[in-house]
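Here is input-v5.txt, consisting of compact mmCIF, C-alpha atoms:
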```txt
# COMPACT_ATOMS: atom_id res chain seq x y z
CA MET A 855 8.08 82.74 1.40
CA ARG A 856 6.35 85.45 3.41
CA LYS A 857 3.68 83.05 4.69
CA PHE A 858 6.32 80.56 5.73
CA MET A 859 8.27 83.21 7.64
CA ILE A 860 5.13 84.46 9.39
CA THR A 861 4.20 80.90 10.33
CA GLY A 862 7.68 80.38 11.78
CA ALA A 863 7.44 83.63 13.73
CA LEU A 864 4.07 82.68 15.18
CA LEU A 865 5.36 79.26 16.11
CA GLY A 866 8.43 80.83 17.71
CA PHE A 867 6.27 83.26 19.66
CA VAL A 868 4.17 80.40 21.03
CA ILE A 869 7.23 78.31 21.91
CA GLY A 870 9.05 81.23 23.54
CA GLY A 871 5.98 82.35 25.46
CA SER A 872 5.20 78.84 26.59
CA SER A 873 8.72 78.27 27.85
CA GLY A 874 8.57 81.53 29.80
CA VAL A 875 5.23 80.60 31.37
CA VAL A 876 6.46 77.12 32.27
CA GLN A 877 9.50 78.65 33.97
CA ARG A 878 7.19 81.06 35.85
CA ALA A 879 8.90 84.18 34.50
CA SER A 880 7.39 87.66 34.87
CA GLY A 881 5.04 88.98 32.16
CA GLY A 882 7.65 91.27 30.61
CA GLU A 883 10.22 88.51 30.47
CA VAL A 884 7.73 86.09 28.91
CA PHE A 885 6.96 88.63 26.19
CA TRP A 886 10.66 89.35 25.62
CA ARG A 887 11.45 85.64 25.28
CA ALA A 888 8.50 85.16 22.94
CA ALA A 889 9.59 88.10 20.75
CA VAL A 890 13.18 86.88 20.49
CA SER A 891 12.03 83.35 19.72
CA ALA A 892 9.66 84.68 17.05
CA GLY A 893 12.46 86.59 15.35
CA ILE A 894 14.92 83.73 15.43
CA LEU A 895 12.48 81.05 14.28
CA GLY A 896 11.06 83.34 11.59
CA ILE A 897 14.53 83.87 10.12
CA LEU A 898 15.37 80.15 10.37
CA MET A 899 12.12 79.17 8.65
CA ARG A 900 12.80 81.68 5.86
CA TRP A 901 16.28 80.23 5.34
CA TRP A 902 14.95 76.65 5.37
CA TRP A 903 12.24 77.55 2.85
CA GLY A 904 14.92 78.92 0.49
CA VAL A 905 17.02 75.77 0.80
CA TRP A 906 13.98 73.54 0.25
CA ARG A 907 12.76 75.56 -2.73
CA ARG A 908 16.19 75.45 -4.39
CA SER A 909 16.48 71.69 -3.92
CA LEU A 910 13.01 71.17 -5.41
CA HIS A 911 13.96 73.35 -8.36
CA GLU A 912 17.20 71.42 -8.92
CA ALA A 913 15.36 68.10 -8.80
CA GLN A 914 12.79 69.36 -11.29
CA MET A 915 15.51 70.64 -13.62
CA LYS A 916 17.30 67.27 -13.47
CA ARG A 917 14.08 65.51 -14.39
CA ILE A 918 13.44 67.95 -17.26
CA ASN A 919 17.01 67.54 -18.54
CA ALA A 920 16.73 63.74 -18.39
CA MET A 921 13.42 63.86 -20.26
CA SER A 922 14.89 66.25 -22.84
CA GLU A 923 17.89 64.00 -23.34
CA ALA A 924 15.65 60.97 -23.77
CA MET A 925 13.44 62.84 -26.25
CA SER A 926 16.47 63.95 -28.27
CA LYS A 927 17.53 60.32 -28.67
CA LEU A 928 14.04 59.19 -29.61
CA PRO A 929 13.85 60.44 -33.25
CA THR A 930 17.02 58.61 -34.29
CA GLU A 931 15.66 55.38 -32.87
CA VAL A 932 12.32 55.89 -34.61
CA GLU A 933 13.97 56.61 -37.96
CA ARG A 934 16.07 53.46 -37.66
CA VAL A 935 13.04 51.32 -36.89
CA VAL A 936 10.96 52.82 -39.74
CA ASN A 937 13.73 52.46 -42.35
```

Mind converting the file's structure to structure tokens?
Amino acid sequence: MRKFMITGALLGFVIGGSSGVVQRASGGEVFWRAAVSAGILGILMRWWWGVWRRSLHEAQMKRINAMSEAMSKLPTEVERVVN
């Protein structure tokens, strides 16, 4: 999660700095915009990573539960076929 947040902050810094340069802002204002953008995008990327990780975990648990349910039904079917 830390790497994802740092990546988001770096991306936000580049986007904020670039927008300040394109708008021909002063050096201090460019840095201020870049810093604010880095903080906001870093927090948003951290939140999105949490949401994505939880959804992947839920999908994996559903697959495991389905496999477990199928495996629990399997022995009764095998016994019926053998007998």

Legend entry - Closest of A:Gly874, A:Ala879, A:Phe858, A:Val884 to Trp906 of chain A - atom-to-atom distances counting only C-alpha atoms: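 Going through A:Gly874, A:Ala879, A:Phe858, A:Val884 one by one, the smallest distance to Trp906 of chain A is for A:Phe858.
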
Inset, instruction - Quote the spacing between atom CA of Leu895 of chain A and atom CA of Ala913 of chain A in Å to one decimal place. - result: 26.6 Å

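Between atom CA of Arg917 of chain A and atom CA of Met855 of chain A the separation is 24.1 Å.
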
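For the residues A:Ile869, A:Ile897, A:Met925, A:Val890, ranking by smallest atom-to-atom distance to Arg856 of chain A using all atoms listed in the file places A:Ile897 first.
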
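In this model, the gap between atom CA of Phe885 of chain A and atom CA of Gly862 of chain A comes to 16.6 Å.
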
Inset, instruction - Identify, on the basis of only C-alpha atoms, every residue whose closest approach to Gly866 of chain A does not exceed 12 Å; exclude the query and any residue fewer than 5 positions from it along the same chain; express the result as a list in words. - result: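 Skipping anything fewer than 5 positions along the chain leaves Met859, Ile860, Thr861, Gly871, Ser872, Ser873, Phe885, Trp886, Arg887, Ala888, Ala889, Val890, Ser891, Ala892, Gly893, Ile894, Leu895, Gly896, Ile897, Leu898 and Met899 of chain A.
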
Once you add 5 Å to each side, what are the centre and edge lengths of the axis-aligned box holding all listed atoms of segment 903-913 of chain A? One decimal in Å, as JSON, if you can.
```
{"center_x": 14.7, "center_y": 73.5, "center_z": -3.0, "size_x": 15.0, "size_y": 20.8, "size_z": 21.8}
```

Legend entry - Selected residue, from A:Val875, A:Gly882, A:Arg900, A:Ser926, that lies nearest to Ala863 of chain A when counting only C-alpha atoms: A:Arg900

Your completed segment 860-871 of chain A with N, CA and C atoms, as a compact mmCIF listing (two decimals), in the frame of the given file:
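Writing the result to result_39.txt gives the following:
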```txt
# COMPACT_ATOMS: atom_id res chain seq x y z
N ILE A 860 6.11 84.06 8.39
CA ILE A 860 5.13 84.46 9.39
C ILE A 860 4.73 83.26 10.23
N THR A 861 4.54 82.12 9.59
CA THR A 861 4.20 80.90 10.33
C THR A 861 5.31 80.55 11.32
N GLY A 862 6.55 80.65 10.88
CA GLY A 862 7.68 80.38 11.78
C GLY A 862 7.73 81.36 12.94
N ALA A 863 7.44 82.63 12.66
CA ALA A 863 7.44 83.63 13.73
C ALA A 863 6.33 83.36 14.74
N LEU A 864 5.16 83.00 14.26
CA LEU A 864 4.07 82.68 15.18
C LEU A 864 4.39 81.46 16.02
N LEU A 865 4.96 80.46 15.38
CA LEU A 865 5.36 79.26 16.11
C LEU A 865 6.44 79.59 17.15
N GLY A 866 7.39 80.42 16.77
CA GLY A 866 8.43 80.83 17.71
C GLY A 866 7.87 81.62 18.87
N PHE A 867 6.89 82.47 18.59
CA PHE A 867 6.27 83.26 19.66
C PHE A 867 5.58 82.34 20.66
N VAL A 868 4.86 81.35 20.15
CA VAL A 868 4.17 80.40 21.03
C VAL A 868 5.18 79.59 21.85
N ILE A 869 6.22 79.11 21.20
CA ILE A 869 7.23 78.31 21.91
C ILE A 869 7.94 79.15 22.97
N GLY A 870 8.36 80.36 22.58
CA GLY A 870 9.05 81.23 23.54
C GLY A 870 8.16 81.64 24.70
N GLY A 871 6.91 81.98 24.38
CA GLY A 871 5.98 82.35 25.46
C GLY A 871 5.68 81.19 26.37
```
